[in-house]
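Enquirer: Please find one structure pasted underneath; my questions will follow.
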Amino acid sequence: MARVNFRASEVTYTGIDMRYRRLMFALFATALLAQERHVVVISIDGFPASILRDPGLPFTTLQRMAREGASAEGMVPVNPTVTWPNHTAIISGVGPAQHGVLYNGLVTRGGDGKSLKVEPWVDKKELVLAPTVYDAARAAGMTTAEVDWVAIYPTSTVTWAFPEQPKLEQPEVREMIAAGVVTEDEIRNWSKSPINVHDDVWVRAGIHLIEKHKPNLLLFHTLTTDSTHHTYGPNSLAGNTALILADRQVERLLGAIERAGIRDTTTVFVVSDHGFKGYRKVIHPNAILRAKGLLRDAADCDAWTISEGGSAMVYVTREGKRAETVKAMNEAFQGVPGIARVIPPEEFEKLGYPKWTPGGRMADLVLAAQPGYAFDASIAGEAVTDVNPGSNPGAHGYLNSDPDMQEILVAWGAGIRPGAKLGLVPNINVAPTIAKLLGLTWPSDRGQALAGFLK
């Protein structure tokens with residue numbers, strides 16, 4: 001009897017052992033599969049969705065990717081329609097009300113009665129108030145990389161980084177110099193070289209990271225298109241030429257994926273952060289405040305405005321005079337030509353802005369421009385002026401309900417359903433889609449994966 005019981009016990013133990021081994025094998029296989037997944041996010045700054053839809057422009061790479069993969073009519077940005085807030089939304093799945101980024105940096109107060117400034121080089125842990133998909137990937141043991149991404153410094157959850165302002169002492173920069181990818185002179189003279197040269201270096205850096213390191217997640221960003229549109233406006237010869245060049249840069253990155261041997265395990269998203277709009281007149285809100293006696297200079301003011309092109313943020317700077325200053329600000333901006341709306345705090349939430357709190361990041365009022373107008377930072381002169389004769393500038397920052405602010409979205413490669421088409425989608429849905437492709441756990445209240453894109 002003892003012998004029978006022993007053998008029965010042995011059989012039971014063996015069954016448990018086999019189940020345990022199968023479980024361990026499944027977990028190992030899942031982990032191995034995760035390590036072989038790759039997602040590359042390419043952001044072409046300031047690429048309007050309407051221009052990508054123009055069949056007369058030769059965006060041969062993006063058009064091929066859309067045919068072979070998936071595309072959306074456009075993406076809806078978050079307010080404000082500015083670079084850092086929208087890049088952060090794309091990789092966090094939430095807007096500024098949660099991630100807290102309102103500018104291309106962190107707004108800082110100078111003290112009572114003093115102006116506010118935007119500081120870009122602050123710790124990402126202080127600037128970004130929500131977790132990102134690269135944080136989640138790193139926590140899952142995956143490798144991450146960035147080239148000229150924003151709101152990401154210092155890159156504690158990024159394995160390899162080639163930043164917006166590369167330095168000779170950075171290990172990835174030294175690695176690329178040794179490999180002949182970049183030169184010491186290019187890095188040493190970085191601040192003196194134009195943005196199109198920077199873009200070319202960033203592309204070379206992205207190619208190197210893909211071919212040498214094969215990161216599970218690469219965030220890549222170029223800027224020439226944004227600079228060109230600011231100077232020459234959207235749908236200009238210069239602007240469209242810059243966009244066509246950006247299309248060719250995407251082709252170079254796809255070539256690196258092929259050479260790295262990860263074509264079958266890589267998904268590529270090509271996005272932008274906002275569109276663009278031309279304007280002919282400039283509104284000077286700080287000059288308006290000055291004319292109303294609310295501002296003397298940057299070191300002596302009751303209110304201060306930070307302009308973001310198609311919108312502007314107005315702050316009370318002396319808390320002891322808050323009630324009377326808010327009343328005077330509202331009166332100052334009423335009826336000014338080119339100001340479409342003066343938006344009070346009770347309307348912030350429905351526009352996706354953070355809730356107003358005393359001394360917080362959010363302004364006391366938001367100004368929205370009419371088409372053809374943009375805001376600037378000048379504190380002197382008339383309330384509204386014409387742009388310089390012969391110039392055709394462009395701006396973003398208009399409310400995200402403006403179709404001209406819509407972004408591009410093309411998805412291609414592993415896990416993407418060929419020929420899939422979507423209408424307008426919120427840009428916060430990119431992050432959960434990346435997470436799903438990488439096999440990451442992602443909260444359901446931080447965007448929704450683009451199921452229509454996925455196999």
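Lettering and numbering for the structure tokens are positional, with chains as A, B, ... in the shown order, residues counted from 1 in each chain, and ligands counted from 1 in the shown order.
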Taking 2 positions as the minimum chain separation for residues in the same chain, which residues sit within 12 Å of Arg67 of chain A when counting only C-alpha atoms? Answer as a ChimeraX atom specification.
Expert: /A:60-65,69-72,410-413,416-421
Enquirer: Taking C-alpha atoms for each residue, export the selection above as a short mmCIF file (atom, residue, chain, number, x, y, z; two decimals), in the first residue's frame.
Expert:
data_model
loop_
_atom_site.label_atom_id
_atom_site.label_comp_id
_atom_site.auth_asym_id
_atom_site.auth_seq_id
_atom_site.Cartn_x
_atom_site.Cartn_y
_atom_site.Cartn_z
CA THR A 60 6.83 58.87 -51.74
CA THR A 61 7.94 57.17 -48.53
CA LEU A 62 4.94 58.16 -46.42
CA GLN A 63 2.53 57.39 -49.26
CA ARG A 64 4.07 53.93 -49.65
CA MET A 65 3.91 53.34 -45.90
CA GLY A 69 0.30 49.89 -43.61
CA ALA A 70 -2.32 52.14 -42.06
CA SER A 71 -3.09 55.83 -41.88
CA ALA A 72 -5.51 58.28 -40.32
CA VAL A 410 0.95 56.74 -40.49
CA ALA A 411 1.62 53.26 -39.07
CA TRP A 412 3.60 50.58 -40.88
CA GLY A 413 5.25 47.23 -40.20
CA ILE A 416 -0.25 46.71 -38.53
CA ARG A 417 -3.20 45.81 -40.74
CA PRO A 418 -2.37 46.68 -44.38
CA GLY A 419 -4.67 49.22 -45.94
CA ALA A 420 -6.38 50.20 -42.70
CA LYS A 421 -7.84 53.72 -42.71
#
Enquirer: Can you tell me, as JSON, numbers by chain, what residues are no more than 10 Å from Glu164 of chain A when counting only C-alpha atoms, ignoring any on the same chain fewer than 4 positions away?
Expert: {"A": [146, 147, 148, 149, 150, 153, 190, 198, 199, 202, 221, 222, 223]}
Enquirer: Filtering to N, CA and C atoms, could you give me those residues as a PDB file, in the first residue's frame?
Expert:
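Output contents, as saved in result-v2.pdb:
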ATOM      1  N   GLU A 146      16.324  57.606 -27.612  1.00  0.00           N
ATOM      2  CA  GLU A 146      15.715  58.842 -28.099  1.00  0.00           C
ATOM      3  C   GLU A 146      16.731  59.654 -28.870  1.00  0.00           C
ATOM      4  N   VAL A 147      16.234  60.328 -29.909  1.00  0.00           N
ATOM      5  CA  VAL A 147      17.021  61.284 -30.674  1.00  0.00           C
ATOM      6  C   VAL A 147      16.204  62.566 -30.776  1.00  0.00           C
ATOM      7  N   ASP A 148      16.702  63.637 -30.169  1.00  0.00           N
ATOM      8  CA  ASP A 148      16.034  64.934 -30.194  1.00  0.00           C
ATOM      9  C   ASP A 148      14.589  64.854 -29.737  1.00  0.00           C
ATOM     10  N   TRP A 149      14.242  63.934 -28.849  1.00  0.00           N
ATOM     11  CA  TRP A 149      12.896  63.959 -28.282  1.00  0.00           C
ATOM     12  C   TRP A 149      12.833  65.087 -27.256  1.00  0.00           C
ATOM     13  N   VAL A 150      11.645  65.409 -26.775  1.00  0.00           N
ATOM     14  CA  VAL A 150      11.481  66.580 -25.919  1.00  0.00           C
ATOM     15  C   VAL A 150      10.901  66.173 -24.571  1.00  0.00           C
ATOM     16  N   TYR A 153      14.537  65.111 -20.380  1.00  0.00           N
ATOM     17  CA  TYR A 153      15.868  65.268 -19.785  1.00  0.00           C
ATOM     18  C   TYR A 153      15.789  65.353 -18.259  1.00  0.00           C
ATOM     19  N   TRP A 190      27.947  72.912 -32.631  1.00  0.00           N
ATOM     20  CA  TRP A 190      26.517  72.651 -32.718  1.00  0.00           C
ATOM     21  C   TRP A 190      25.673  73.925 -32.673  1.00  0.00           C
ATOM     22  N   HIS A 198      21.408  70.037 -38.227  1.00  0.00           N
ATOM     23  CA  HIS A 198      21.044  69.258 -37.037  1.00  0.00           C
ATOM     24  C   HIS A 198      20.178  68.058 -37.422  1.00  0.00           C
ATOM     25  N   ASP A 199      19.188  68.296 -38.274  1.00  0.00           N
ATOM     26  CA  ASP A 199      18.321  67.195 -38.705  1.00  0.00           C
ATOM     27  C   ASP A 199      19.129  66.061 -39.323  1.00  0.00           C
ATOM     28  N   TRP A 202      20.896  64.209 -36.624  1.00  0.00           N
ATOM     29  CA  TRP A 202      19.946  63.387 -35.864  1.00  0.00           C
ATOM     30  C   TRP A 202      19.553  62.135 -36.642  1.00  0.00           C
ATOM     31  N   HIS A 221      12.869  62.635 -33.515  1.00  0.00           N
ATOM     32  CA  HIS A 221      12.208  63.915 -33.784  1.00  0.00           C
ATOM     33  C   HIS A 221      13.090  64.789 -34.663  1.00  0.00           C
ATOM     34  N   THR A 222      12.509  65.387 -35.713  1.00  0.00           N
ATOM     35  CA  THR A 222      13.224  66.342 -36.552  1.00  0.00           C
ATOM     36  C   THR A 222      12.524  67.695 -36.508  1.00  0.00           C
ATOM     37  N   LEU A 223      13.266  68.787 -36.864  1.00  0.00           N
ATOM     38  CA  LEU A 223      12.766  70.132 -36.609  1.00  0.00           C
ATOM     39  C   LEU A 223      12.755  71.096 -37.796  1.00  0.00           C
TER      40      LEU A 223
END
Enquirer: Identify all residues of segment 62-225 of chain A in strand (DSSP E) (DSSP on the backbone) and supply them as a PyMOL selection string.
Expert: chain A and resi 70-76+106-109+116-119+144-147+160-162+217-222
Enquirer: Name the residues of segment 31-245 of chain A that come out as alpha helix (DSSP H) in a backbone DSSP run; write them as a count of residues only.
Expert: 88
Enquirer: May I have a table of the residues of segment 46-145 of chain A lying at most 7 Å from segment 395-402 of chain A, giving each one's closest pair of atoms and their distance in Å to one decimal, counting only C-alpha atoms, ordered by chain and ascending residue number, as JSON lines?
Expert:
{"residue": "A:Val76", "atom": "CA", "partner": "A:Asn400", "partner_atom": "CA", "distance": 6.7}
{"residue": "A:Pro77", "atom": "CA", "partner": "A:Asn400", "partner_atom": "CA", "distance": 5.9}
{"residue": "A:Val78", "atom": "CA", "partner": "A:Asn400", "partner_atom": "CA", "distance": 6.2}
{"residue": "A:Asn79", "atom": "CA", "partner": "A:Asn400", "partner_atom": "CA", "distance": 5.9}
{"residue": "A:Pro80", "atom": "CA", "partner": "A:Gly397", "partner_atom": "CA", "distance": 5.6}
{"residue": "A:Thr81", "atom": "CA", "partner": "A:Gly397", "partner_atom": "CA", "distance": 4.4}
{"residue": "A:Val82", "atom": "CA", "partner": "A:Gly397", "partner_atom": "CA", "distance": 5.5}
Enquirer: So which residues touch Glu331 of chain A within 12 Å, counting only C-alpha atoms, skipping near sequence neighbours fewer than 4 positions away, as a ChimeraX atom specification?
Expert: /A:288-289,292,294,324-327,335-336,342,365
Enquirer: Just the residues within 9 Å of segment 253-259 of chain A, please, counting only C-alpha atoms, with nothing from its chain fewer than 3 positions along; format it as a PyMOL selection string.
Expert: chain A and resi 203-204+206-208+210-211+214+248-250+262-264+266+268
Enquirer: Kindly export the residues of the current selection with C-alpha atoms, as a compact mmCIF listing (two decimals), in the first residue's frame.
Expert:
# COMPACT_ATOMS: atom_id res chain seq x y z
CA VAL A 203 19.08 61.07 -38.75
CA ARG A 204 22.61 59.66 -38.72
CA GLY A 206 18.98 57.39 -35.37
CA ILE A 207 20.43 55.09 -38.03
CA HIS A 208 23.35 54.24 -35.75
CA ILE A 210 18.86 51.20 -34.91
CA GLU A 211 21.71 49.30 -36.55
CA LYS A 214 18.20 47.71 -31.99
CA ARG A 248 13.34 61.20 -47.57
CA GLN A 249 14.79 61.18 -44.04
CA VAL A 250 12.11 58.69 -43.03
CA ILE A 262 14.56 43.70 -37.61
CA ARG A 263 12.14 44.51 -40.43
CA ASP A 264 9.73 41.70 -39.50
CA THR A 266 9.43 46.46 -36.12
CA VAL A 268 6.97 52.39 -37.33
Enquirer: Within 12 Å of Ser191 of chain A, counting only C-alpha atoms, which residues qualify if same-chain residues fewer than 6 places away don't, as a PyMOL selection string?
Expert: chain A and resi 164-167+185+197-198
Enquirer: If I take atom CA of Asn216 of chain A and atom CA of Phe47 of chain A, how far is one from the other in Å, to one decimal?
Expert: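 Answer for the atom CA of Asn216 of chain A to atom CA of Phe47 of chain A separation: 25.5 Å.
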Enquirer: Which residues, written as a list of chain:residue names, have at least one atom at most 8 Å from Thr224 of chain A, with only C-alpha atoms counted and residues fewer than 3 positions away on the same chain left out?
Expert: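 Result of the neighbour search: A:Asp45, A:Ile195, A:Asn196, A:Asp199, A:Ser227, A:Thr228, A:Ala242.
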Enquirer: Can you work out which one of A:Met313, A:Leu243, A:Ala287, A:Leu454 has the shortest atom-to-atom distance to Lys436 of chain A, counting only C-alpha atoms?
Expert: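 Using only C-alpha atoms, the shortest distance to Lys436 of chain A belongs to A:Leu454.
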Enquirer: Restricting the calculation to only C-alpha atoms, which member of A:Ser307, A:Asn189, A:Gln406, A:Gln170 is positioned closest to Ile51 of chain A?
Expert: A:Gln406
Enquirer: Tell me which protein, DNA and RNA residues are within 10 Å of Val122 of chain A, counting only C-alpha atoms, leaving out same-chain ones fewer than 6 positions away, and put them as an mmCIF file with C-alpha atoms, in the first residue's frame.
Expert:
data_model
loop_
_atom_site.group_PDB
_atom_site.id
_atom_site.type_symbol
_atom_site.label_atom_id
_atom_site.label_comp_id
_atom_site.auth_asym_id
_atom_site.auth_seq_id
_atom_site.Cartn_x
_atom_site.Cartn_y
_atom_site.Cartn_z
ATOM 1 C CA GLY A 105 9.610 73.758 -20.987
ATOM 2 C CA LEU A 106 8.418 74.526 -17.460
ATOM 3 C CA VAL A 128 6.186 65.650 -16.788
ATOM 4 C CA ALA A 151 10.517 66.849 -22.240
ATOM 5 C CA ILE A 152 12.778 63.877 -21.576
ATOM 6 C CA TYR A 153 15.868 65.268 -19.785
ATOM 7 C CA PRO A 154 17.724 63.811 -18.024
#
Enquirer: Please determine, counting only C-alpha atoms, which residue among A:Val40, A:Ile343, A:Met405, A:Leu102 has the shortest atom-to-atom distance to Thr267 of chain A.
Expert: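 Once distances to Thr267 of chain A are computed over only C-alpha atoms, the minimum belongs to A:Val40.
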Enquirer: So how far away is atom CA of Ser43 of chain A from atom CA of Asp376 of chain A, in Å?
Expert: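 Distance between the two atoms: 25.8 Å.
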Enquirer: Pull the closest atom pair for each residue of segment 211-325 of chain A that gets at most 7 Å from segment 383-390 of chain A, along with the distance in Å to one decimal, counting only C-alpha atoms, ordering rows by chain and then ascending residue number, as a tab-separated table.
Expert:
residue	atom	partner	partner_atom	distance
A:Arg280	CA	A:Val387	CA	5.5
A:Lys281	CA	A:Asp386	CA	4.4
A:Val282	CA	A:Thr385	CA	5.3
A:Ile283	CA	A:Val384	CA	4.5
A:His284	CA	A:Ala383	CA	5.3
A:Pro285	CA	A:Ala383	CA	6.9
A:Ala287	CA	A:Ala383	CA	6.1
A:Ile288	CA	A:Ala383	CA	5.5
Enquirer: Next, the residues of the selection above should be written as a JSON list (two decimals), in the first residue's frame with N, CA and C atoms.
Expert:
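out-v3.json was written with the following content:
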[["chain", "number", "residue", "atom", "x", "y", "z"],
["A", 280, "ARG", "N", -1.24, 87.31, -40.97],
["A", 280, "ARG", "CA", -0.82, 88.59, -41.54],
["A", 280, "ARG", "C", -0.77, 89.71, -40.51],
["A", 281, "LYS", "N", -1.37, 89.49, -39.35],
["A", 281, "LYS", "CA", -1.38, 90.51, -38.30],
["A", 281, "LYS", "C", -0.94, 89.91, -36.97],
["A", 282, "VAL", "N", -0.31, 90.76, -36.14],
["A", 282, "VAL", "CA", 0.25, 90.31, -34.87],
["A", 282, "VAL", "C", -0.40, 91.08, -33.73],
["A", 283, "ILE", "N", -0.90, 90.35, -32.74],
["A", 283, "ILE", "CA", -1.47, 90.94, -31.52],
["A", 283, "ILE", "C", -0.38, 90.94, -30.45],
["A", 284, "HIS", "N", -0.25, 92.06, -29.73],
["A", 284, "HIS", "CA", 0.78, 92.21, -28.70],
["A", 284, "HIS", "C", 0.11, 92.33, -27.33],
["A", 285, "PRO", "N", -0.23, 91.22, -26.69],
["A", 285, "PRO", "CA", -1.00, 91.29, -25.44],
["A", 285, "PRO", "C", -0.26, 91.98, -24.30],
["A", 287, "ALA", "N", 1.80, 94.46, -24.67],
["A", 287, "ALA", "CA", 1.67, 95.89, -24.97],
["A", 287, "ALA", "C", 0.28, 96.40, -24.56],
["A", 288, "ILE", "N", -0.73, 95.55, -24.72],
["A", 288, "ILE", "CA", -2.09, 95.92, -24.29],
["A", 288, "ILE", "C", -2.13, 96.08, -22.78]]
Enquirer: Go ahead and compute the interatomic distance for atom CA of Gly309 of chain A and atom CA of Thr155 of chain A, in Å to one decimal.
Expert: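 Taking atom CA of Gly309 of chain A as the start and atom CA of Thr155 of chain A as the end point, the length is 29.0 Å.
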